[in-house]
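This report refers to the structure that appears directly beneath it.
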Amino acid sequence: MSDDEQMYDEAMMEDEETALEIAALQSEDLLPQPKKEFINHKAALRALVDELSQKSLNWIQRCDVTSAEPIVVDKTENDLDRELKFYQQGLEAVIQAQLEVKNVGVPFSRPDDYFAEMVKSDAHMARIRQKLLDQQKGIQNSEEAKKQRELRKYGKKIEQEKLKEREDQKKASLDKIATIKKRLRSGDLGEVDDFEIDVASDDDGGSAKAKGTRGKKGKDGRPMVNHKRLSKNEKFGFGGKKRGLRKNTAESTSDMSGFSQKRNKSANFSAVHQRGKTKRPGKSKRQRTN
């Protein structure tokens, strides 16, 4: 670096240090500050206002509206009160502007026969309309299906209640019939009503049928015997308890009248009883087959 360049750099550094010291002194108010002078140029300001003024123009070109009364907000922190005042001022300005436009004679409302070309095509709007109709129909179908499900549930519930009521009535009737039959058999009639008389007649009819009669009478006036009914009664019995009927007793165990030693030792008898049995092959034969 040459001597001239070195001297130039040192001078620049000194200038920067001096500027920093002056700035620091001014920030600390150690140096006197220059006093600002405010001049009110009234003539120039009036000229500018007259230049910007639009009083020479018609109102339809200016479209300026001034409210009759200034906005006065009692509580500036109340957002609702403040917005309400703005709304009232805007509404007043709109009404005043509408009257001014009518006085000028300029139309501002859309005529009844106004036709504006749509941005979307008719085919596009038709697709949108069809989509909306499909959505509405789907909602209706869903609601109808939901309603039908509720009706089915309600109908099923009613059906179950009816079946339960019928079962309860049937059980009550059977219990009453059993009680009345028990009273009739024991002879404790007491006060007999029409229902008990009907039950007694049914009981008699059932016993008559159990004996093989149908109420029909022959030529001699005697009841006719139903041989088919009698054979079934002999085969199947008359109902009632069947459990334990085939259980051995001391008499049946001691009864040897049906035993025949000759018959049991005969070849035909043993072959019949052993015909269905299959003899298992021996171990060696099973191993050979595997």
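In the structure tokens, each chain is lettered A, B, ... as it comes, each chain's residues begin at 1, and ligands are numbered from 1 in order of appearance.
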task = Fewer than 4 positions away in the same chain doesn't count, so skip those; otherwise give me all residues within 7 Å of Glu92 (chain A), counting only C-alpha atoms, as JSON, numbers by chain.
result = {"A": [67, 88, 96]}
request  = Work out how far CA of Ser121 (chain A) is from CA of Gln136 (chain A), in Å to one decimal.
outcome  =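 We find that CA of Gln136 (chain A) and CA of Ser121 (chain A) lie 22.8 Å from each other.
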task = Considering only C-alpha atoms, return as number ranges by chain whatever protein or nucleic-acid residues lie within 10 Å of region 99-104 of chain A, sequence-local ones (same chain, fewer than 5 positions apart) excluded.
result = A: 58-60, 63, 65, 93-94
Saved selection, atoms kept: C-alpha atoms, as a PDB file, in the first residue's frame:
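again_28.pdb written:
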```
ATOM      1  CA  ASN A  58     -72.421  18.488 -10.827  1.00  0.00           C
ATOM      2  CA  TRP A  59     -73.428  16.242  -7.940  1.00  0.00           C
ATOM      3  CA  ILE A  60     -73.734  13.153 -10.150  1.00  0.00           C
ATOM      4  CA  CYS A  63     -71.413  11.754  -5.531  1.00  0.00           C
ATOM      5  CA  VAL A  65     -72.795  12.828   0.802  1.00  0.00           C
ATOM      6  CA  ALA A  93     -76.082   8.486   3.503  1.00  0.00           C
ATOM      7  CA  VAL A  94     -77.681   5.839   1.272  1.00  0.00           C
TER       8      VAL A  94
END
```
